[in-house]
>>> print(open('final-v4.cif').read())   # mmCIF, C-alpha atoms and all ligand atoms
data_upload
#
loop_
_atom_site.label_atom_id
_atom_site.label_comp_id
_atom_site.auth_asym_id
_atom_site.auth_seq_id
_atom_site.Cartn_x
_atom_site.Cartn_y
_atom_site.Cartn_z
CA GLU A 57 24.08 213.40 120.18
CA ASN A 58 25.75 210.40 118.82
CA ILE A 59 24.14 207.34 120.37
CA VAL A 60 24.07 204.01 118.54
CA SER A 61 23.08 200.43 119.34
CA SER A 62 26.66 199.23 118.86
CA THR A 63 29.43 200.78 116.77
CA ASN A 64 30.13 197.27 115.46
CA ASP A 65 26.54 197.03 114.15
CA ILE A 66 26.81 200.35 112.33
CA LEU A 67 29.89 199.18 110.46
CA LYS A 68 28.30 195.79 109.75
CA GLN A 69 25.44 197.57 108.01
CA GLN A 70 27.87 199.78 106.10
CA SER A 71 29.84 196.79 105.00
CA GLN A 72 26.71 195.10 103.62
CA GLU A 73 25.63 198.22 101.78
CA LEU A 74 28.92 198.78 100.00
CA SER A 75 29.70 196.77 96.90
CA GLN A 76 32.66 194.38 96.67
CA GLU A 77 34.66 196.91 94.65
CA GLN A 78 34.30 199.76 97.09
CA SER A 79 37.14 199.98 99.53
CA LYS A 80 36.10 199.60 103.12
CA ASN A 81 39.46 199.66 104.75
CA GLY A 82 39.80 202.11 107.56
CA MET A 83 36.13 203.06 107.80
CA VAL A 84 35.50 204.11 111.38
CA CYS A 85 32.51 204.55 113.69
CA LEU A 86 32.88 206.48 116.94
CA ALA A 87 29.97 206.96 119.35
CA GLU A 88 29.21 208.84 122.58
CA ALA A 89 27.09 206.02 123.99
CA GLN A 90 25.81 202.58 123.03
CA THR A 91 22.41 201.15 123.92
CA ASP A 92 23.45 197.61 123.06
CA GLY A 93 27.22 197.47 123.54
CA ARG A 94 28.50 193.91 123.71
CA GLY A 95 31.53 191.82 124.59
CA ARG A 96 32.39 188.27 123.69
CA ARG A 97 29.74 185.55 123.67
CA GLY A 98 26.85 187.95 123.98
CA ARG A 99 28.02 189.53 127.22
CA LYS A 100 27.12 193.12 127.81
CA TRP A 101 29.55 196.04 127.46
CA VAL A 102 28.35 198.81 129.77
CA SER A 103 28.43 201.98 127.65
CA PRO A 104 27.36 205.15 129.50
CA TYR A 105 27.22 208.49 127.69
CA GLY A 106 30.54 210.25 127.13
CA ALA A 107 32.40 208.00 129.57
CA SER A 108 34.39 205.83 127.20
CA LEU A 109 35.65 205.49 123.70
CA TYR A 110 33.24 203.34 121.68
CA PHE A 111 35.14 202.69 118.52
CA SER A 112 35.01 200.37 115.51
CA MET A 113 37.09 200.06 112.35
CA LEU A 114 36.43 197.99 109.25
CA TRP A 115 39.15 196.08 107.42
CA GLN A 116 38.87 193.66 104.54
CA PHE A 117 41.01 190.52 104.43
CA ASP A 118 41.22 188.89 101.03
CA ASN A 119 42.41 185.46 102.16
CA GLY A 120 39.55 184.63 104.48
CA TYR A 121 39.74 183.69 108.14
CA GLN A 122 43.23 182.28 107.82
CA ALA A 123 44.69 185.74 107.25
CA MET A 124 42.94 187.04 110.34
CA SER A 125 44.19 184.70 113.01
CA GLY A 126 45.74 186.69 115.80
CA LEU A 127 44.01 189.93 114.81
CA SER A 128 42.74 190.62 118.33
CA ILE A 129 46.28 190.15 119.66
CA MET A 130 47.63 192.71 117.18
CA VAL A 131 44.85 195.17 118.00
CA GLY A 132 45.58 194.77 121.72
CA VAL A 133 49.24 195.56 121.12
CA VAL A 134 48.37 198.64 119.04
CA LEU A 135 45.90 199.87 121.66
CA ASN A 136 48.39 199.32 124.46
CA ASN A 137 51.16 201.11 122.54
CA THR A 138 48.77 203.99 121.85
CA LEU A 139 48.05 204.29 125.58
CA ALA A 140 51.80 204.32 126.22
CA GLN A 141 52.13 207.29 123.84
CA PHE A 142 49.75 209.14 126.16
CA GLY A 143 51.82 208.30 129.22
CA VAL A 144 50.14 205.16 130.54
CA THR A 145 52.80 202.87 131.98
CA SER A 146 50.78 200.38 133.98
CA SER A 147 48.53 198.77 131.36
CA ARG A 148 48.84 195.08 130.54
CA LEU A 149 47.37 192.73 127.95
CA LYS A 150 45.21 189.78 128.90
CA TRP A 151 44.83 187.04 126.30
CA PRO A 152 43.03 187.15 123.98
CA ASN A 153 41.19 190.48 123.99
CA ASP A 154 41.47 192.68 127.05
CA VAL A 155 43.58 195.54 128.37
CA TYR A 156 44.02 195.76 132.13
CA GLY A 157 45.28 198.57 134.36
CA ASN A 158 46.27 197.79 137.96
CA ASN A 159 44.68 194.37 137.56
CA LYS A 160 41.34 195.85 136.59
CA LYS A 161 39.66 195.85 133.22
CA LEU A 162 40.34 199.04 131.24
CA ALA A 163 39.41 198.09 127.69
CA GLY A 164 38.02 195.22 125.64
CA ILE A 165 38.30 194.25 122.00
CA LEU A 166 35.54 192.55 120.04
CA ILE A 167 36.28 191.36 116.52
CA GLU A 168 33.36 190.29 114.39
CA VAL A 169 33.44 188.93 110.86
CA GLU A 170 31.25 189.40 107.78
CA GLY A 171 31.64 187.22 104.71
CA GLN A 172 32.63 183.69 103.75
CA ALA A 173 35.34 181.70 105.44
CA ASP A 174 37.53 181.09 102.40
CA ALA A 175 36.79 184.29 100.44
CA SER A 176 37.16 187.95 101.20
CA VAL A 177 35.99 188.70 104.75
CA SER A 178 35.41 192.00 106.48
CA ALA A 179 36.67 192.27 110.01
CA ILE A 180 34.88 194.67 112.29
CA ILE A 181 37.36 195.66 114.95
CA GLY A 182 35.52 196.99 118.01
CA ILE A 183 37.26 198.68 120.92
CA GLY A 184 35.71 199.89 124.16
CA LEU A 185 38.13 201.96 126.24
CA ASN A 186 37.01 203.42 129.56
CA LEU A 187 37.96 207.10 129.86
CA ARG A 188 36.07 208.54 132.81
CA LEU A 189 33.28 206.36 134.17
CA PRO A 190 30.62 207.75 136.51
CA ASN A 191 31.31 207.03 140.20
CA ASP A 192 27.99 205.29 140.71
CA LEU A 193 28.27 203.01 137.68
CA GLN A 194 26.35 199.73 138.07
CA GLY A 195 26.24 196.56 136.06
CA ILE A 196 29.85 195.44 135.70
CA ASP A 197 30.45 192.16 137.50
CA GLN A 198 34.25 192.37 137.73
CA ALA A 199 36.89 194.89 138.77
CA PHE A 200 37.21 197.73 136.26
CA THR A 201 39.13 200.95 135.85
CA ASP A 202 39.35 203.94 133.51
CA LEU A 203 42.04 206.10 131.95
CA SER A 204 41.54 208.97 134.40
CA ASP A 205 42.49 206.49 137.17
CA LEU A 206 45.76 205.64 135.45
CA LEU A 207 46.81 209.10 134.28
CA GLU A 208 47.45 212.11 136.48
CA LYS A 209 47.40 214.62 133.67
CA PRO A 210 44.38 215.40 131.51
CA PHE A 211 44.07 213.73 128.12
CA SER A 212 42.08 214.52 125.02
CA ARG A 213 39.52 212.03 123.78
CA ASN A 214 39.90 213.40 120.25
CA GLU A 215 43.68 213.11 120.26
CA LEU A 216 43.42 209.60 121.60
CA SER A 217 40.93 208.57 118.91
CA LYS A 218 43.08 210.15 116.22
CA LYS A 219 46.24 208.33 117.34
CA LEU A 220 44.39 205.05 117.63
CA ILE A 221 43.03 205.37 114.09
CA GLU A 222 46.47 206.32 112.76
CA ASN A 223 48.23 203.50 114.56
CA LEU A 224 45.73 200.86 113.39
CA TRP A 225 45.87 202.23 109.85
CA LEU A 226 49.65 201.77 109.86
CA ALA A 227 49.67 198.40 111.65
CA LEU A 228 46.98 196.60 109.64
CA PRO A 229 48.99 196.42 106.37
CA VAL A 230 52.02 195.20 108.34
CA PHE A 231 49.85 192.50 109.90
CA GLU A 232 48.44 191.52 106.48
CA ALA A 233 51.93 191.15 105.05
CA GLN A 234 53.77 189.61 107.99
CA GLY A 235 51.19 188.31 110.43
CA LEU A 236 51.78 188.57 114.14
CA ASN A 237 55.57 188.25 114.17
CA PRO A 238 56.28 192.00 114.27
CA PHE A 239 53.94 192.35 117.28
CA ILE A 240 54.93 189.45 119.51
CA GLU A 241 57.76 191.20 121.33
CA ASP A 242 55.44 194.02 122.38
CA TRP A 243 52.84 191.48 123.51
CA ASP A 244 55.44 189.69 125.63
CA GLU A 245 56.42 192.91 127.36
CA ALA A 246 52.83 193.70 128.28
CA ASP A 247 51.57 190.15 128.95
CA LEU A 248 49.51 190.22 132.17
CA TYR A 249 49.92 186.53 133.03
CA LYS A 250 53.34 185.70 131.59
CA ASN A 251 55.01 182.93 133.63
CA GLN A 252 52.13 182.83 136.09
CA GLU A 253 49.87 179.96 137.10
CA VAL A 254 46.54 180.24 135.32
CA VAL A 255 43.40 178.22 134.63
CA LEU A 256 41.91 178.04 131.17
CA ILE A 257 38.14 177.70 131.26
CA SER A 258 36.03 176.56 128.33
CA GLY A 259 32.53 175.40 129.15
CA ASP A 260 32.91 172.66 131.78
CA LYS A 261 36.58 172.10 130.98
CA ARG A 262 39.40 173.48 133.08
CA VAL A 263 43.13 173.21 132.45
CA LYS A 264 45.71 174.48 134.90
CA GLY A 265 49.25 175.41 133.92
CA VAL A 266 51.81 178.17 133.57
CA ALA A 267 51.24 180.81 130.88
CA ARG A 268 54.22 181.03 128.53
CA GLY A 269 53.18 183.77 126.13
CA ILE A 270 51.74 183.32 122.64
CA ASP A 271 52.82 181.75 119.34
CA ASN A 272 52.75 183.48 115.97
CA SER A 273 49.16 182.45 115.30
CA GLY A 274 48.03 184.15 118.49
CA ALA A 275 47.47 180.91 120.43
CA LEU A 276 48.11 180.98 124.16
CA LEU A 277 51.04 178.77 125.17
CA LEU A 278 50.35 176.80 128.34
CA GLU A 279 52.92 174.67 130.12
CA THR A 280 51.64 171.56 131.89
CA ASP A 281 53.91 168.68 133.05
CA GLN A 282 56.90 170.27 131.33
CA LYS A 283 55.14 170.29 127.98
CA ILE A 284 54.05 173.47 126.24
CA LYS A 285 50.84 173.31 124.25
CA PRO A 286 49.04 175.99 122.18
CA TYR A 287 45.43 176.84 123.00
CA TYR A 288 43.39 178.50 120.28
CA GLY A 289 40.18 180.19 120.10
CA GLY A 290 37.39 182.32 121.20
CA GLU A 291 35.71 180.12 123.76
CA ILE A 292 38.54 180.13 126.27
CA SER A 293 38.76 182.43 129.31
CA VAL A 294 41.98 182.77 131.31
CA ARG A 295 41.96 183.34 135.06
CA PRO A 296 44.68 183.41 137.71
CA ALA A 297 45.07 179.95 139.32
P1 LIG A 301 37.20 186.73 129.00
O1 LIG A 301 37.40 187.63 127.84
O2 LIG A 301 38.47 186.34 129.67
O3 LIG A 301 36.31 185.59 128.72
P2 LIG A 301 35.59 188.77 130.37
O4 LIG A 301 34.80 188.43 131.59
O5 LIG A 301 36.43 189.96 130.39
O6 LIG A 301 36.43 187.51 130.13
P3 LIG A 301 34.39 189.70 127.92
O7 LIG A 301 33.31 189.09 127.10
O8 LIG A 301 35.73 189.88 127.31
O9 LIG A 301 34.53 188.82 129.21
O10 LIG A 301 33.88 191.11 128.40
C1 LIG A 301 32.58 191.31 128.90
C2 LIG A 301 32.66 191.56 130.39
O11 LIG A 301 33.34 192.78 130.65
C3 LIG A 301 31.31 191.75 131.05
O12 LIG A 301 30.75 190.52 131.41
C4 LIG A 301 31.65 192.62 132.27
O13 LIG A 301 32.11 191.83 133.35
C5 LIG A 301 32.82 193.44 131.79
N1 LIG A 301 32.45 194.81 131.38
C6 LIG A 301 31.31 195.25 130.80
N2 LIG A 301 31.35 196.57 130.54
C7 LIG A 301 32.56 197.00 130.97
C8 LIG A 301 33.20 198.26 130.98
N3 LIG A 301 32.66 199.37 130.48
N4 LIG A 301 34.45 198.30 131.52
C9 LIG A 301 35.05 197.20 132.02
N5 LIG A 301 34.49 195.98 132.03
C10 LIG A 301 33.26 195.88 131.51
C1 LIG A 302 35.14 192.38 125.53
O1 LIG A 302 35.86 192.69 126.47
O2 LIG A 302 34.55 191.30 125.45
C2 LIG A 302 35.05 193.29 124.35
C3 LIG A 302 34.29 194.55 124.60
C4 LIG A 302 34.22 195.39 123.34
C5 LIG A 302 33.41 196.63 123.47
C6 LIG A 302 33.43 197.48 122.23
S1 LIG A 302 32.70 199.08 122.44
C7 LIG A 302 32.75 199.36 120.71
C8 LIG A 302 32.36 198.05 120.05
N1 LIG A 302 30.91 197.94 119.98
C9 LIG A 302 30.45 196.94 120.74
O3 LIG A 302 29.23 196.64 120.87
N2 LIG A 302 31.45 196.29 121.34
C10 LIG A 302 32.74 196.89 121.01
#
>>> encode(input="final-v4.cif", output="structure tokens")
Amino acid sequence: ENIVSSTNDILKQQSQELSQEQSKNGMVCLAEAQTDGRGRRGRKWVSPYGASLYFSMLWQFDNGYQAMSGLSIMVGVVLNNTLAQFGVTSSRLKWPNDVYGNNKKLAGILIEVEGQADASVSAIIGIGLNLRLPNDLQGIDQAFTDLSDLLEKPFSRNELSKKLIENLWLALPVFEAQGLNPFIEDWDEADLYKNQEVVLISGDKRVKGVARGIDNSGALLLETDQKIKPYYGGEISVRPA
């Protein structure tokens, strides 16, 4: 049995225990279930036994937060491309951190950070990908789907994990050297809301406009009154208008 509170927590502990000199890059935690799986802003990630991939990878960025902007976008692209390698054709990316299949939530990405803003920081890249959820699953307050819904043929959880690790391992150095640029085209092709009317919600604030993709820092581009403005940051949720 391989049940943890949250795979992100396990790697956070690991990262604190290792010294500065020890390399942390590519350290991975995979679990069968989580008792305290979480999404953004303290929301719950429902994590039943054996039903999903609960995955985290550690990566150290030497130039602080600046070097990390857009990381969740890059991880979304890598996850979506990995799914494509297994034959998924219908998955789409929802800014800033979700993968959707047939307009339902398939996977979520949660990036957490350890360390000081301007120094070396460790990013904990968490991915929850639904594989085969129980039919009677309770507790998710929005439409959701799993990989077995999107794929006719069987797939191997181990093969999927292996490919995901490999693909992230290859993409992270590219991202460190070149930022998001090499990933933007793939994002555009999979963008769930591209050229659609959306509302951005942040606390009590709402802004309506047309989604026009992302810029190379990972900001969402929103067109209102013929002007396109970037929207940054973790507190924003996007919904169809
Ligand atoms: P946004 O990221 O746009 O703010 P979100 O509602 O998707 O919106 P997140 O924090 O990204 O919010 O994800 C947490 C939400 O995901 C939960 O509130 C729940 O609705 C949903 N959720 C929880 N567990 C699962 C799961 N296993 N599969 C799909 N969706 C889930
Ligand atoms: C979201 O949609 O807000 C992100 C959900 C991220 C869930 C994964 S499961 C593995 C890792 N451990 C966690 O507690 N959360 C992430």
>>> residues_around(input="final-v4.cif", residues="segment 181-198 of chain A", least_positions_apart="6", cutoff="6 Å", atoms="all atoms listed in the file", output="list in words")
Asn64, Ala107, Ser108, Leu109, Tyr110, Phe111, Ser112, Met113, Leu162, Ala163, Gly164, Ile165, Leu166, Ile167 and Ser204 of chain A
>>> atom_distance(input="final-v4.cif", atom1="atom CA of Val263 of chain A", atom2="atom CA of Gly98 of chain A")
23.5 Å
>>> atom_distance(input="final-v4.cif", atom1="atom C9 of ligand LIG 302 (chain A)", atom2="atom CA of Glu232 of chain A")
23.6 Å
>>> closest_residue(input="final-v4.cif", among="A:Lys150, A:Lys80, A:Lys283, A:Lys218", to="Phe117 of chain A", atoms="all atoms listed in the file")
A:Lys80
>>> atom_distance(input="final-v4.cif", atom1="atom CA of Ala87 of chain A", atom2="atom CA of Trp151 of chain A")
25.8 Å
>>> residues_around(input="final-v4.cif", residues="Ile59 of chain A", least_positions_apart="2", cutoff="6 Å", atoms="all atoms listed in the file", output="CSV table (one decimal) with C-alpha atoms, keeping the file's coordinate frame")
chain,number,residue,atom,x,y,z
A,87,ALA,CA,30.0,207.0,119.4
A,88,GLU,CA,29.2,208.8,122.6
A,89,ALA,CA,27.1,206.0,124.0
A,90,GLN,CA,25.8,202.6,123.0
>>> residues_near_ligand(input="final-v4.cif", ligand="ligand LIG 301 (chain A)", cutoff="7 Å", atoms="all atoms listed in the file", output="PyMOL selection string")
chain A and resi 95-97+99-103+152-154+161-164+186+196-198+200-201+292-294
>>> closest_residue(input="final-v4.cif", among="A:Val254, A:Leu149, A:Ala140, A:Met83", to="Lys219 of chain A", atoms="only C-alpha atoms")
A:Ala140
>>> closest_residue(input="final-v4.cif", among="A:Leu226, A:Lys264, A:Tyr156, A:Leu127", to="Asp247 of chain A", atoms="only C-alpha atoms")
A:Tyr156
>>> residues_around(input="final-v4.cif", residues="Gly143 of chain A", least_positions_apart="2", cutoff="12 Å", atoms="only C-alpha atoms", output="mmCIF file with C-alpha atoms, in the frame of the given file")
data_model
loop_
_atom_site.group_PDB
_atom_site.id
_atom_site.type_symbol
_atom_site.label_atom_id
_atom_site.label_comp_id
_atom_site.auth_asym_id
_atom_site.auth_seq_id
_atom_site.Cartn_x
_atom_site.Cartn_y
_atom_site.Cartn_z
ATOM 1 C CA ASN A 136 48.390 199.320 124.460
ATOM 2 C CA ASN A 137 51.160 201.110 122.540
ATOM 3 C CA THR A 138 48.770 203.990 121.850
ATOM 4 C CA LEU A 139 48.050 204.290 125.580
ATOM 5 C CA ALA A 140 51.800 204.320 126.220
ATOM 6 C CA GLN A 141 52.130 207.290 123.840
ATOM 7 C CA THR A 145 52.800 202.870 131.980
ATOM 8 C CA SER A 146 50.780 200.380 133.980
ATOM 9 C CA SER A 147 48.530 198.770 131.360
ATOM 10 C CA LEU A 203 42.040 206.100 131.950
ATOM 11 C CA SER A 204 41.540 208.970 134.400
ATOM 12 C CA LEU A 206 45.760 205.640 135.450
ATOM 13 C CA LEU A 207 46.810 209.100 134.280
ATOM 14 C CA GLU A 208 47.450 212.110 136.480
ATOM 15 C CA LYS A 209 47.400 214.620 133.670
ATOM 16 C CA PRO A 210 44.380 215.400 131.510
ATOM 17 C CA PHE A 211 44.070 213.730 128.120
ATOM 18 C CA LEU A 216 43.420 209.600 121.600
#
